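The file work.txt contains compact mmCIF, C-alpha atoms:
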# COMPACT_ATOMS: atom_id res chain seq x y z
CA MET A 143 -172.40 -158.72 -51.59
CA LYS A 144 -175.48 -160.93 -51.80
CA GLY A 145 -177.01 -161.89 -55.08
CA TYR A 146 -177.31 -164.47 -57.83
CA PHE A 147 -176.40 -164.80 -61.49
CA ILE A 148 -179.28 -166.48 -63.30
CA THR A 149 -178.20 -168.52 -66.29
CA GLY A 150 -179.95 -171.16 -68.37
CA THR A 151 -179.36 -174.42 -70.14
CA ASP A 152 -180.35 -172.68 -73.38
CA THR A 153 -181.98 -169.53 -74.68
CA GLY A 154 -185.72 -169.30 -74.11
CA VAL A 155 -185.80 -171.53 -71.02
CA GLY A 156 -187.46 -168.88 -68.87
CA LYS A 157 -184.60 -167.00 -67.21
CA SER A 158 -186.54 -163.74 -67.24
CA VAL A 159 -189.61 -165.28 -65.63
CA VAL A 160 -187.51 -166.95 -62.94
CA THR A 161 -185.53 -163.74 -62.33
CA ALA A 162 -188.81 -161.82 -62.00
CA CYS A 163 -190.19 -164.42 -59.58
CA LEU A 164 -187.03 -164.28 -57.46
CA THR A 165 -187.07 -160.48 -57.50
CA THR A 166 -190.64 -160.50 -56.19
CA LEU A 167 -189.88 -163.19 -53.61
CA LEU A 168 -186.80 -161.44 -52.23
CA LYS A 169 -188.60 -158.09 -52.08
CA ILE A 170 -191.35 -159.74 -50.01
CA ARG A 171 -188.59 -160.97 -47.71
CA GLY A 172 -187.50 -157.35 -47.24
CA GLU A 173 -184.44 -157.30 -49.49
CA ASP A 174 -183.41 -154.22 -51.47
CA VAL A 175 -183.12 -155.95 -54.85
CA GLY A 176 -181.32 -154.53 -57.86
CA VAL A 177 -181.69 -156.16 -61.27
CA MET A 178 -179.46 -156.29 -64.31
CA LYS A 179 -179.61 -157.73 -67.82
CA PRO A 180 -176.10 -156.81 -69.02
CA ILE A 181 -176.72 -157.47 -72.71
CA GLU A 182 -179.92 -157.91 -74.66
CA THR A 183 -180.17 -158.88 -78.31
CA GLY A 184 -183.11 -158.94 -80.69
CA VAL A 185 -184.52 -155.65 -79.36
CA ASP A 186 -184.75 -152.11 -80.68
CA PRO A 187 -183.78 -149.78 -77.81
CA GLU A 188 -185.89 -146.98 -79.29
CA CYS A 189 -189.19 -148.83 -79.47
CA SER A 190 -188.89 -151.79 -77.11
CA SER A 191 -191.34 -152.28 -74.25
CA ALA A 192 -191.58 -154.65 -71.29
CA ALA A 193 -193.42 -157.05 -73.61
CA ASN A 194 -190.35 -157.59 -75.81
CA SER A 195 -187.47 -156.45 -73.61
CA ASP A 196 -186.27 -158.59 -70.70
CA ALA A 197 -184.48 -155.58 -69.21
CA LYS A 198 -187.60 -153.39 -69.20
CA PHE A 199 -189.66 -156.28 -67.85
CA LEU A 200 -187.25 -156.68 -64.91
CA LEU A 201 -187.25 -152.91 -64.38
CA GLU A 202 -191.05 -152.95 -64.09
CA VAL A 203 -191.15 -155.97 -61.79
CA SER A 204 -188.43 -154.67 -59.47
CA GLY A 205 -189.79 -151.13 -59.24
CA VAL A 206 -186.26 -149.74 -58.92
CA GLN A 207 -185.38 -146.20 -59.96
CA ASP A 208 -182.16 -147.22 -61.71
CA SER A 209 -181.50 -146.13 -65.29
CA MET A 210 -181.79 -148.46 -68.26
CA GLU A 211 -178.17 -147.58 -69.08
CA ASP A 212 -177.14 -149.22 -65.80
CA ILE A 213 -179.57 -152.14 -65.96
CA CYS A 214 -178.78 -152.99 -69.59
CA PRO A 215 -175.60 -151.35 -70.93
CA TYR A 216 -175.92 -153.06 -74.32
CA GLN A 217 -179.08 -153.51 -76.40
CA LEU A 218 -178.61 -154.88 -79.91
CA LYS A 219 -181.22 -155.32 -82.64
CA THR A 220 -179.87 -158.54 -84.16
CA PRO A 221 -181.34 -161.71 -82.57
CA ALA A 222 -178.07 -163.58 -82.08
CA SER A 223 -175.33 -164.10 -79.52
CA PRO A 224 -173.87 -160.81 -78.25
CA TYR A 225 -170.61 -161.44 -80.09
CA GLN A 226 -172.32 -162.16 -83.41
CA ALA A 227 -174.92 -159.39 -83.03
CA ALA A 228 -172.26 -156.80 -82.22
CA ARG A 229 -170.13 -157.92 -85.15
CA ILE A 230 -173.07 -157.69 -87.58
CA GLU A 231 -173.94 -154.20 -86.31
CA GLY A 232 -170.35 -152.98 -86.36
CA LYS A 233 -170.25 -152.50 -82.60
CA GLU A 234 -167.93 -153.67 -79.86
CA ILE A 235 -168.90 -154.90 -76.41
CA ASP A 236 -166.59 -153.89 -73.58
CA PRO A 237 -166.90 -156.23 -70.55
CA GLU A 238 -165.36 -153.55 -68.33
CA LYS A 239 -168.25 -151.20 -69.15
CA ILE A 240 -170.64 -153.92 -67.99
CA MET A 241 -168.67 -154.33 -64.76
CA GLU A 242 -168.69 -150.56 -64.18
CA ARG A 243 -172.49 -150.50 -64.48
CA PHE A 244 -172.71 -153.57 -62.23
CA ARG A 245 -170.63 -151.86 -59.55
CA VAL A 246 -172.89 -148.79 -59.72
CA LEU A 247 -175.96 -150.97 -59.07
CA GLN A 248 -174.11 -153.02 -56.48
CA ALA A 249 -173.44 -149.86 -54.46
CA LYS A 250 -177.16 -148.97 -54.47
CA HIS A 251 -178.66 -152.32 -53.46
CA SER A 252 -178.05 -154.99 -50.84
CA MET A 253 -178.99 -157.80 -53.24
CA MET A 254 -178.31 -158.13 -56.97
CA LEU A 255 -180.02 -160.42 -59.47
CA VAL A 256 -178.25 -160.57 -62.81
CA GLU A 257 -179.95 -162.34 -65.72
CA GLY A 258 -177.40 -163.80 -68.10
CA ILE A 259 -177.58 -164.12 -71.86
CA GLY A 260 -178.44 -167.60 -73.11
CA GLY A 261 -176.15 -170.18 -71.50
CA LEU A 262 -172.68 -170.09 -69.99
CA GLN A 263 -170.79 -170.69 -73.23
CA VAL A 264 -172.48 -167.88 -75.17
CA PRO A 265 -169.72 -165.55 -76.45
CA ILE A 266 -169.78 -161.89 -75.48
CA THR A 267 -166.49 -161.11 -77.22
CA ARG A 268 -164.02 -163.32 -79.05
CA ARG A 269 -162.37 -164.41 -75.79
CA TYR A 270 -164.97 -163.59 -73.14
CA HIS A 271 -168.09 -165.67 -72.55
CA VAL A 272 -171.07 -165.48 -70.19
CA ALA A 273 -169.25 -167.80 -67.77
CA ASP A 274 -166.41 -165.27 -67.55
CA LEU A 275 -168.88 -162.50 -66.70
CA ALA A 276 -170.50 -164.59 -63.95
CA LEU A 277 -167.06 -165.36 -62.52
CA GLN A 278 -166.03 -161.69 -62.61
CA MET A 279 -169.23 -160.65 -60.84
CA ASN A 280 -168.53 -163.29 -58.18
CA LEU A 281 -172.18 -164.27 -57.82
CA PRO A 282 -173.38 -167.85 -57.27
CA LEU A 283 -175.29 -169.38 -60.17
CA ILE A 284 -178.92 -170.30 -60.38
CA ILE A 285 -179.45 -172.49 -63.44
CA VAL A 286 -182.86 -172.42 -65.12
CA SER A 287 -183.79 -175.66 -66.90
CA ARG A 288 -186.77 -176.75 -68.94
CA MET A 289 -188.98 -179.32 -67.28
CA GLN A 290 -189.12 -181.77 -70.19
CA ILE A 291 -187.28 -184.64 -71.82
CA GLY A 292 -183.71 -183.70 -72.76
CA THR A 293 -183.23 -181.31 -69.87
CA LEU A 294 -181.10 -183.77 -67.88
CA ASN A 295 -178.35 -183.74 -70.51
CA HIS A 296 -178.47 -179.96 -70.94
CA THR A 297 -178.46 -179.36 -67.19
CA LEU A 298 -175.57 -181.74 -66.49
CA LEU A 299 -173.51 -180.14 -69.27
CA THR A 300 -174.21 -176.67 -67.86
CA LEU A 301 -173.21 -177.79 -64.36
CA GLN A 302 -170.03 -179.36 -65.74
CA SER A 303 -169.15 -176.13 -67.52
CA ALA A 304 -169.85 -174.08 -64.38
CA ARG A 305 -167.55 -176.24 -62.28
CA GLN A 306 -164.80 -176.15 -64.88
CA HIS A 307 -164.92 -172.35 -64.68
CA GLY A 308 -164.79 -172.39 -60.88
CA LEU A 309 -168.27 -170.91 -60.49
CA LYS A 310 -170.23 -171.26 -57.26
CA ILE A 311 -173.62 -172.91 -57.75
CA LYS A 312 -176.71 -172.22 -55.65
CA GLY A 313 -178.85 -174.74 -57.49
CA VAL A 314 -181.29 -175.45 -60.31
CA ILE A 315 -184.81 -174.13 -60.86
CA LEU A 316 -187.05 -176.04 -63.26
CA ASN A 317 -189.45 -174.09 -65.45
CA PRO A 318 -192.56 -175.85 -66.84
CA SER A 319 -193.70 -175.26 -70.41
CA HIS A 320 -197.42 -175.69 -69.76
CA GLU A 321 -200.12 -175.18 -67.17
CA GLY A 322 -201.66 -178.02 -65.19
CA GLU A 323 -200.45 -181.38 -63.97
CA LEU A 324 -196.97 -182.59 -64.83
CA ASN A 325 -196.57 -185.96 -66.49
CA GLU A 326 -194.35 -188.67 -65.01
CA ILE A 327 -191.32 -187.73 -67.14
CA GLU A 328 -191.54 -184.05 -66.21
CA GLU A 329 -192.15 -184.82 -62.54
CA GLU A 330 -188.98 -186.89 -62.25
CA GLN A 331 -186.55 -184.42 -63.85
CA GLY A 332 -185.67 -182.70 -60.58
CA ALA A 333 -184.87 -185.94 -58.76
CA LEU A 334 -182.72 -187.13 -61.68
CA ILE A 335 -180.76 -183.87 -61.76
CA GLU A 336 -180.03 -184.19 -58.04
CA GLU A 337 -179.12 -187.87 -58.40
CA PHE A 338 -176.62 -187.34 -61.21
CA SER A 339 -175.14 -183.99 -60.19
CA ASP A 340 -175.25 -183.66 -56.39
CA THR A 341 -176.74 -180.22 -57.02
CA PRO A 342 -179.93 -179.11 -55.24
CA VAL A 343 -183.06 -178.41 -57.22
CA LEU A 344 -184.44 -175.28 -55.56
CA GLY A 345 -187.97 -175.76 -56.83
CA ASN A 346 -190.30 -175.73 -59.80
CA CYS A 347 -191.19 -172.25 -60.97
CA PRO A 348 -194.97 -171.93 -61.34
CA PHE A 349 -196.22 -171.70 -64.91
CA ILE A 350 -197.08 -168.07 -65.63
CA GLN A 351 -199.14 -167.49 -68.77
CA ASP A 352 -199.14 -163.69 -68.52
CA VAL A 353 -195.44 -162.81 -68.57
CA SER A 354 -195.77 -159.24 -67.34
CA SER A 355 -195.30 -157.39 -64.07
CA GLU A 356 -199.05 -157.73 -63.49
CA GLY A 357 -198.90 -161.45 -64.23
CA ILE A 358 -196.11 -161.89 -61.69
CA LYS A 359 -198.13 -160.02 -59.03
CA LYS A 360 -201.16 -162.24 -59.66
CA ASN A 361 -199.06 -165.34 -59.03
CA VAL A 362 -197.27 -164.20 -55.86
CA GLU A 363 -198.77 -166.95 -53.69
CA LYS A 364 -197.78 -169.66 -56.18
CA ILE A 365 -194.25 -168.21 -56.34
CA LYS A 366 -193.96 -168.22 -52.54
CA GLN A 367 -195.26 -171.77 -52.32
CA ALA A 368 -192.82 -172.99 -54.99
CA LEU A 369 -189.61 -171.19 -54.04
CA LEU A 370 -189.76 -169.49 -50.64
CA GLU A 371 -188.31 -172.43 -48.69
CA SER A 372 -185.11 -172.43 -50.77
CA PHE A 373 -184.56 -168.69 -50.26
CA SER A 374 -185.61 -168.21 -46.63
Transcribe the structure of this file into structure tokens.
Amino acid sequence: MKGYFITGTDTGVGKSVVTACLTTLLKIRGEDVGVMKPIETGVDPECSSAANSDAKFLLEVSGVQDSMEDICPYQLKTPASPYQAARIEGKEIDPEKIMERFRVLQAKHSMMLVEGIGGLQVPITRRYHVADLALQMNLPLIIVSRMQIGTLNHTLLTLQSARQHGLKIKGVILNPSHEGELNEIEEEQGALIEEFSDTPVLGNCPFIQDVSSEGIKKNVEKIKQALLESFS
């Protein structure tokens, strides 16, 4: 089974944007891409839209006909880690239910992109973290990092954690926080990550102001220019 598990050095680093870009890129390449966001917190399932739901955003970008129940088995209102949000709401997350939904999608598509929740050490249950889910899905990691000062430490720690868990690593994608030219510090982050980790940097995701399915479509050429070589 081909696919990738997209994780991040932190929450809010741009995993959804990168996952959407990769979905678009792989579809252009002719792949039948399925998407999954196993758990989403800080959303109201009854009134969420693609503007405030990563799962619905990925559904729109991918154009798949899969159900939201398969793409995102758990949506919780509390903006916290899955473990904490479920505890506050009196709910329980069952990793096996997530794996069942994953296997359903896996059977429908030749390529799966799974967007993780926060970083690898984010708890899903008391004894089951995001790293455990990635390992169970048996998908190589793509790590999304911020392109700014401090990202070297966060990226190296994430890579160390991934290796300790026996996870396969495809590489790192850097996500800029602004439009326009990068400064010297930002420009050098990729080279430093490769120097200190022996892990390939797959590219710099283009800055996308309009984070929507339409915004992704408008930036297709930039996405291809930035990432196509690493996924050809």
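Residue nearest Lys312 of chain A, chosen from A:Leu334, A:His271, A:Thr341, A:Leu324 and counting all atoms listed in the file: A:Thr341.
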Next item on the list: With a distance cut-off of 12 Å and only C-alpha atoms, select the neighbouring residues of segment 288-292 of chain A, excluding the residue or stretch itself and same-chain residues fewer than 5 positions from it, and output the selection as a ChimeraX atom specification.
Entry: /A:150-157,160,297-299,314-321,324-335,343,345-349
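Distances here use all atoms listed in the file; by that measure, the residue among A:Thr166, A:Thr183, A:Gln263, A:Asn361 closest to Val203 of chain A is A:Thr166.
Separating atom CA of Phe373 of chain A from atom CA of Val159 of chain A is a distance of 16.5 Å.
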Checklist line | Nearest candidate to Ser355 of chain A (options A:Phe338, A:Tyr225, A:Tyr216, A:Phe199; using only C-alpha atoms) | finding: A:Phe199
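Compared by their closest atoms to Lys198 of chain A, and using all atoms listed in the file, the residues A:Pro224, A:Pro342, A:Ser354, A:Glu323 rank with A:Ser354 nearest.
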Next item on the list: Give the answer as one residue: which of A:Gly357, A:Gly232, A:Pro180, A:Gly313 has the shortest atom-to-atom distance to Leu283 of chain A, using all atoms listed in the file?
Entry: A:Gly313
Next item on the list: Find, counting all atoms listed in the file, the residue in A:Leu294, A:Met279, A:Met253, A:Leu201 that gets nearest to Met241 of chain A.
Entry: A:Met279
Checklist line | Point-to-point distance in Å for atom CA of Ser303 of chain A and atom CA of Leu218 of chain A | finding: 26.4 Å
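Put simply, atom CA of Ile358 of chain A is 10.3 Å away from atom CA of Leu167 of chain A.
Within 10 Å of the file-frame point (-172.1, -171.4, -56.6), and using all atoms listed in the file, the polymer residues found are Tyr146, Phe147, Leu277, Asn280, Leu281, Pro282, Leu283, Ile284, Ala304, Arg305, Gly308, Leu309, Lys310, Ile311, Lys312, Gly313 and Thr341 of chain A.
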Dump of C-alpha atoms for the selected residues, as a compact mmCIF listing (two decimals), in the coordinates of the input:
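That gives us out23.txt:
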# COMPACT_ATOMS: atom_id res chain seq x y z
CA TYR A 146 -177.31 -164.47 -57.83
CA PHE A 147 -176.40 -164.80 -61.49
CA LEU A 277 -167.06 -165.36 -62.52
CA ASN A 280 -168.53 -163.29 -58.18
CA LEU A 281 -172.18 -164.27 -57.82
CA PRO A 282 -173.38 -167.85 -57.27
CA LEU A 283 -175.29 -169.38 -60.17
CA ILE A 284 -178.92 -170.30 -60.38
CA ALA A 304 -169.85 -174.08 -64.38
CA ARG A 305 -167.55 -176.24 -62.28
CA GLY A 308 -164.79 -172.39 -60.88
CA LEU A 309 -168.27 -170.91 -60.49
CA LYS A 310 -170.23 -171.26 -57.26
CA ILE A 311 -173.62 -172.91 -57.75
CA LYS A 312 -176.71 -172.22 -55.65
CA GLY A 313 -178.85 -174.74 -57.49
CA THR A 341 -176.74 -180.22 -57.02
Thr161 of chain A surroundings by all atoms listed in the file, 7 Å radius, close-in-sequence under 3 positions cut, as a PDB file with C-alpha atoms, in the frame of the given file:
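File part_38.pdb, as written:
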ATOM      1  CA  ILE A 148    -179.280-166.480 -63.300  1.00  0.00           C
ATOM      2  CA  LYS A 157    -184.600-167.000 -67.210  1.00  0.00           C
ATOM      3  CA  SER A 158    -186.540-163.740 -67.240  1.00  0.00           C
ATOM      4  CA  LEU A 164    -187.030-164.280 -57.460  1.00  0.00           C
ATOM      5  CA  THR A 165    -187.070-160.480 -57.500  1.00  0.00           C
ATOM      6  CA  GLU A 257    -179.950-162.340 -65.720  1.00  0.00           C
TER       7      GLU A 257
END
Checklist line | Test item: residues at most 9 Å from Lys219 of chain A, only C-alpha atoms, excluding those fewer than 2 positions along its chain, as number ranges by chain | finding: A: 182-187, 217, 221-222, 227, 231
Checklist line | Surrounding residues of Ile266 of chain A excluding itself and chain neighbours under 5 positions, 10 Å, all atoms listed in the file, as a VMD selection string | finding: chain A and resid 181 223 to 228 234 to 237 259 271 to 275
Next item on the list: Name the residues in contact with Met254 of chain A at a cut-off of 7 Å, using all atoms listed in the file, excluding same-chain residues fewer than 2 positions from it; report them as a list in words.
Entry: Lys144, Gly145, Tyr146, Val175, Gly176, Val177, Gln248, His251, Ser252 and Val256 of chain A
Draw an axis-aligned box over all listed atoms of segment 351-355 of chain A, pad each side with 3 Å, and write its centre and edge lengths in Å, one decimal, as lines of an AutoDock Vina configuration file.
center_x = -197.2
center_y = -162.4
center_z = -66.4
size_x = 9.8
size_y = 16.1
size_z = 10.7
Atoms are missing here; could segment 280-301 of chain A be completed with N, CA and C atoms and written as an mmCIF file, in the coordinates of the input?
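Output saved as part.cif:
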data_model
loop_
_atom_site.group_PDB
_atom_site.id
_atom_site.type_symbol
_atom_site.label_atom_id
_atom_site.label_comp_id
_atom_site.auth_asym_id
_atom_site.auth_seq_id
_atom_site.Cartn_x
_atom_site.Cartn_y
_atom_site.Cartn_z
ATOM 1 N N ASN A 280 -168.672 -162.539 -59.440
ATOM 2 C CA ASN A 280 -168.530 -163.290 -58.180
ATOM 3 C C ASN A 280 -169.878 -163.548 -57.509
ATOM 4 N N LEU A 281 -170.857 -163.927 -58.338
ATOM 5 C CA LEU A 281 -172.180 -164.270 -57.820
ATOM 6 C C LEU A 281 -172.439 -165.755 -58.044
ATOM 7 N N PRO A 282 -173.039 -166.441 -57.067
ATOM 8 C CA PRO A 282 -173.380 -167.850 -57.270
ATOM 9 C C PRO A 282 -174.443 -168.001 -58.354
ATOM 10 N N LEU A 283 -174.375 -169.124 -59.053
ATOM 11 C CA LEU A 283 -175.290 -169.380 -60.170
ATOM 12 C C LEU A 283 -176.605 -169.992 -59.713
ATOM 13 N N ILE A 284 -177.659 -169.564 -60.361
ATOM 14 C CA ILE A 284 -178.920 -170.300 -60.380
ATOM 15 C C ILE A 284 -179.140 -170.691 -61.834
ATOM 16 N N ILE A 285 -179.302 -171.981 -62.069
ATOM 17 C CA ILE A 285 -179.450 -172.490 -63.440
ATOM 18 C C ILE A 285 -180.917 -172.798 -63.699
ATOM 19 N N VAL A 286 -181.464 -172.188 -64.733
ATOM 20 C CA VAL A 286 -182.860 -172.420 -65.120
ATOM 21 C C VAL A 286 -182.885 -173.489 -66.207
ATOM 22 N N SER A 287 -183.686 -174.537 -65.960
ATOM 23 C CA SER A 287 -183.790 -175.660 -66.900
ATOM 24 C C SER A 287 -185.233 -175.882 -67.304
ATOM 25 N N ARG A 288 -185.421 -176.371 -68.512
ATOM 26 C CA ARG A 288 -186.770 -176.750 -68.940
ATOM 27 C C ARG A 288 -187.197 -178.022 -68.211
ATOM 28 N N MET A 289 -188.461 -178.124 -67.936
ATOM 29 C CA MET A 289 -188.980 -179.320 -67.280
ATOM 30 C C MET A 289 -189.562 -180.254 -68.345
ATOM 31 N N GLN A 290 -188.672 -180.876 -69.123
ATOM 32 C CA GLN A 290 -189.120 -181.770 -70.190
ATOM 33 C C GLN A 290 -187.988 -182.703 -70.570
ATOM 34 N N ILE A 291 -188.285 -183.674 -71.394
ATOM 35 C CA ILE A 291 -187.280 -184.640 -71.820
ATOM 36 C C ILE A 291 -186.122 -183.915 -72.509
ATOM 37 N N GLY A 292 -184.905 -184.341 -72.204
ATOM 38 C CA GLY A 292 -183.710 -183.700 -72.760
ATOM 39 C C GLY A 292 -183.049 -182.737 -71.800
ATOM 40 N N THR A 293 -183.788 -182.321 -70.780
ATOM 41 C CA THR A 293 -183.230 -181.310 -69.870
ATOM 42 C C THR A 293 -182.126 -181.875 -68.995
ATOM 43 N N LEU A 294 -182.143 -183.181 -68.730
ATOM 44 C CA LEU A 294 -181.100 -183.770 -67.880
ATOM 45 C C LEU A 294 -179.731 -183.588 -68.520
ATOM 46 N N ASN A 295 -179.622 -183.907 -69.800
ATOM 47 C CA ASN A 295 -178.350 -183.740 -70.510
ATOM 48 C C ASN A 295 -177.908 -182.284 -70.514
ATOM 49 N N HIS A 296 -178.810 -181.389 -70.869
ATOM 50 C CA HIS A 296 -178.470 -179.960 -70.940
ATOM 51 C C HIS A 296 -178.068 -179.412 -69.575
ATOM 52 N N THR A 297 -178.758 -179.856 -68.535
ATOM 53 C CA THR A 297 -178.460 -179.360 -67.190
ATOM 54 C C THR A 297 -177.110 -179.884 -66.701
ATOM 55 N N LEU A 298 -176.845 -181.163 -66.919
ATOM 56 C CA LEU A 298 -175.570 -181.740 -66.490
ATOM 57 C C LEU A 298 -174.398 -181.095 -67.227
ATOM 58 N N LEU A 299 -174.567 -180.812 -68.510
ATOM 59 C CA LEU A 299 -173.510 -180.140 -69.270
ATOM 60 C C LEU A 299 -173.271 -178.724 -68.745
ATOM 61 N N THR A 300 -174.349 -178.022 -68.408
ATOM 62 C CA THR A 300 -174.210 -176.670 -67.860
ATOM 63 C C THR A 300 -173.502 -176.699 -66.512
ATOM 64 N N LEU A 301 -173.863 -177.653 -65.668
ATOM 65 C CA LEU A 301 -173.210 -177.790 -64.360
ATOM 66 C C LEU A 301 -171.732 -178.141 -64.525
#
